[in-house]
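**Q** Sending over a structure as structure tokens; questions will come in a sec.
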Amino acid sequence: MNSTPEHKRVLLTGVTGFVGSHTAIQLLQKGYHVLGTLRDMDRADSIRNTIGKYTTNIDNLTFAEADLLDRNIWRELTKNMDFVQHIASPFPAGLPKSESDLLLPARSGTLDIMEAATLNGVKRIVVTSSIGAIAYGKSSQELKQTLDENSWTDENNLKDTTAYYRSKTIAEKAAWDYLKNNDTGLELSTVCPGAILGPILENDFGTSANIVISLLNGSLPALPKIRFDVVDVRSVADLLIRVMEMPKAAGNRYIAASARMSFKDIAIILKQTYPEIKIPRYEMPGMFTRLLSLFQPLLKPVLLETVQRRVDLNKAKRELQWMPISAAHAVISCAESAIKHKLIASWKN
């Protein structure tokens with residue numbers, strides 16, 4: 001890879017998040033200087049201590065308080081930066097009270113950071129998008145095709161999208177449109193992860209980890225009959241850095257997923273690993289999944305997964321030699337860390 005990290009600086013938005021903290025660790029380990037943004041500086045000491053457990057280069061990590069809607073702050077924070085990893089995005093644990101709570105900061109924040117990066121001569125910005133910006137909002141005819149990085153979610157199709165997927169689609173489209181409409185030397189690449197599992201570092205963890213936690217703590221009486229693309233958070237971080245460093249990645253989108261799994265697949269892996277835990281085995285029909293979603297908010301966004309979606313997961317492997325951690329290992333490491341951090345209320349040591 002054409003990069004000499006020791007003297008290069010990366011602005012990383014959302015350093016306290018699941019993907020952000022793992023990406024910071026890998027950047028620091030490679031020798032980059034990282035400026036991580038967070039919403040509240042009160043979190044700085046705890047996240048520094050967490051990240052410091054996994055890297056010897058913690059002195060190369062600094063912090064800045066920033067809000068995605070604060071346009072002016074980004075002009076300061078992008079000064080003297082070689083790269084921007086824009087990972088921060090609102091992803092609430094529950095359904096948002098207002099869709100604008102997701103759409104406004106996602107789109108405006110992305111554009112403000114890109115404008116600031118352009119002004120300050122940043123080489124490349126990598127935007128963490130979502131597979132939700134690729135494989136949704138589809139007609140039945142479109143779903144017969146294999147989807148890839150050339151596919152876009154139709155954010156106007158409200159039946160086959162969620163507010164979060166619409167926010168990621170709108171923000172990513174805005175980023176590409178910005179480059180199309182502005183004569184700038186800024187390079188853009190985007191990464192579109194599936195459901196992100198893997199090791200939880202602290203109690204501020206990725207929403208997708210609730211898939212594993214819900215099966216371990218008994219909050220799901222049966223298995224929703226749905227499938228989704230899974231990726232380990234460490235592999236997402238690895239791909240974000242490859243996309244940042246490799247010249248051929250400029251101007252490209254990359255899906256980040258290692259395999260398509262069902263709730264049943266995950267339940268089988270967990271039962272094999274923790275035979276003493278009561279884990280549901282019965283797959284509930286779609287009608288009962290919808291009924292249960294009235295009482296279990298976790299299931300509402302995943303009801304879309306009752307539809308078969310064929311997604312080509314090979315572009316990043318083929319072009320960037322990305323070798324993701326297996327989906328099974330992502331499940332197991334997520335479970336191990338959830339137990340370690342006492343996120344399983346019914347777990348008895």
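Order determines the names: the first chain of the structure tokens is A, the second B, and so forth; residues in each chain are numbered 1 upward, and ligands are numbered 1 upward as they are shown.
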Set the distance at 9 Å and use only C-alpha atoms: which residues neighbour Tyr282 in chain A once local chain neighbours fewer than 3 positions away are removed? I'd like the list as a ChimeraX atom specification.
**A** /A:221-224,264
**Q** I need the residues from that last selection saved to file as a PDB file, in the first residue's frame (with C-alpha atoms), if you can.
**A**
```pdb
ATOM      1  CA  PRO A 221     -39.033 -16.503  22.469  1.00  0.00           C
ATOM      2  CA  ALA A 222     -38.497 -17.798  18.921  1.00  0.00           C
ATOM      3  CA  LEU A 223     -36.338 -17.065  15.893  1.00  0.00           C
ATOM      4  CA  PRO A 224     -37.495 -14.538  13.294  1.00  0.00           C
ATOM      5  CA  LYS A 264     -31.275 -19.652  13.054  1.00  0.00           C
TER       6      LYS A 264
END
```
**Q** Which residues of range 80-130 of chain A come within 10 Å of range 17-32 of chain A, and what is each one's closest atom pair and distance in Å (one decimal), counting only C-alpha atoms, sorted by chain and residue number, as a tab-separated table?
**A**
```
residue	atom	partner	partner_atom	distance
A:Gln85	CA	A:Gly20	CA	8.8
A:His86	CA	A:Gly20	CA	9.0
A:Ile87	CA	A:Gly20	CA	6.2
A:Ala88	CA	A:Gly17	CA	7.5
A:Ser89	CA	A:Gly17	CA	9.4
A:Thr128	CA	A:Val19	CA	9.2
```
**Q** In Å, with one decimal, what is the gap from CA of Leu320 in chain A to CA of Ile125 in chain A?
**A**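 We find that CA of Leu320 in chain A and CA of Ile125 in chain A lie 17.2 Å from each other.
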**Q** For a quick check of understanding, using only C-alpha atoms, which of A:Asn217, A:Ser189, A:Ser235, A:Thr162 has the smallest distance to Ala175 in chain A?
**A** A:Ser189
**Q** Could you write out, as a ChimeraX atom specification, all the residues of range 63-249 of chain A that DSSP marks as helix (DSSP H, G or I)?
**A** /A:71-77,100-119,131-133,142-144,163-181,207-216,233-245,247-249
**Q** Leaving out range 190-200 of chain A and any residue of its chain fewer than 2 positions from it, which residues lie within 6 Å of it when counting only C-alpha atoms, given as a VMD selection string?
**A** chain A and resid 126 to 131 202 205 208 to 209 229 to 233 253 to 257 330 333 to 334 337
**Q** So, counting only C-alpha atoms, which residue among A:Val84, A:Leu104, A:Val122, A:Ala163 is closest to Val243 in chain A?
**A**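 The shortest atom-to-atom distance to Val243 in chain A comes from A:Val84.
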**Q** Which residues come within 12 Å of Ile268 in chain A, counting only C-alpha atoms, excluding same-chain residues fewer than 3 positions away, as a list in words?
**A**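 In the requested form, the answer reads Val212, Leu215, Leu216, Leu223, Met261, Ser262, Phe263, Lys264, Asp265, Lys271, Gln272, Thr273, Tyr274, Pro275, Ile277, Lys278, Ile279, Pro280, Arg281, Tyr282, Glu283, Ala328, Val331 and Ile332 of chain A.
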**Q** What is the distance, in Å and to one decimal place, between CA of Ile47 in chain A and CA of Leu11 in chain A?
**A**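 Separation between CA of Ile47 in chain A and CA of Leu11 in chain A: 16.0 Å.
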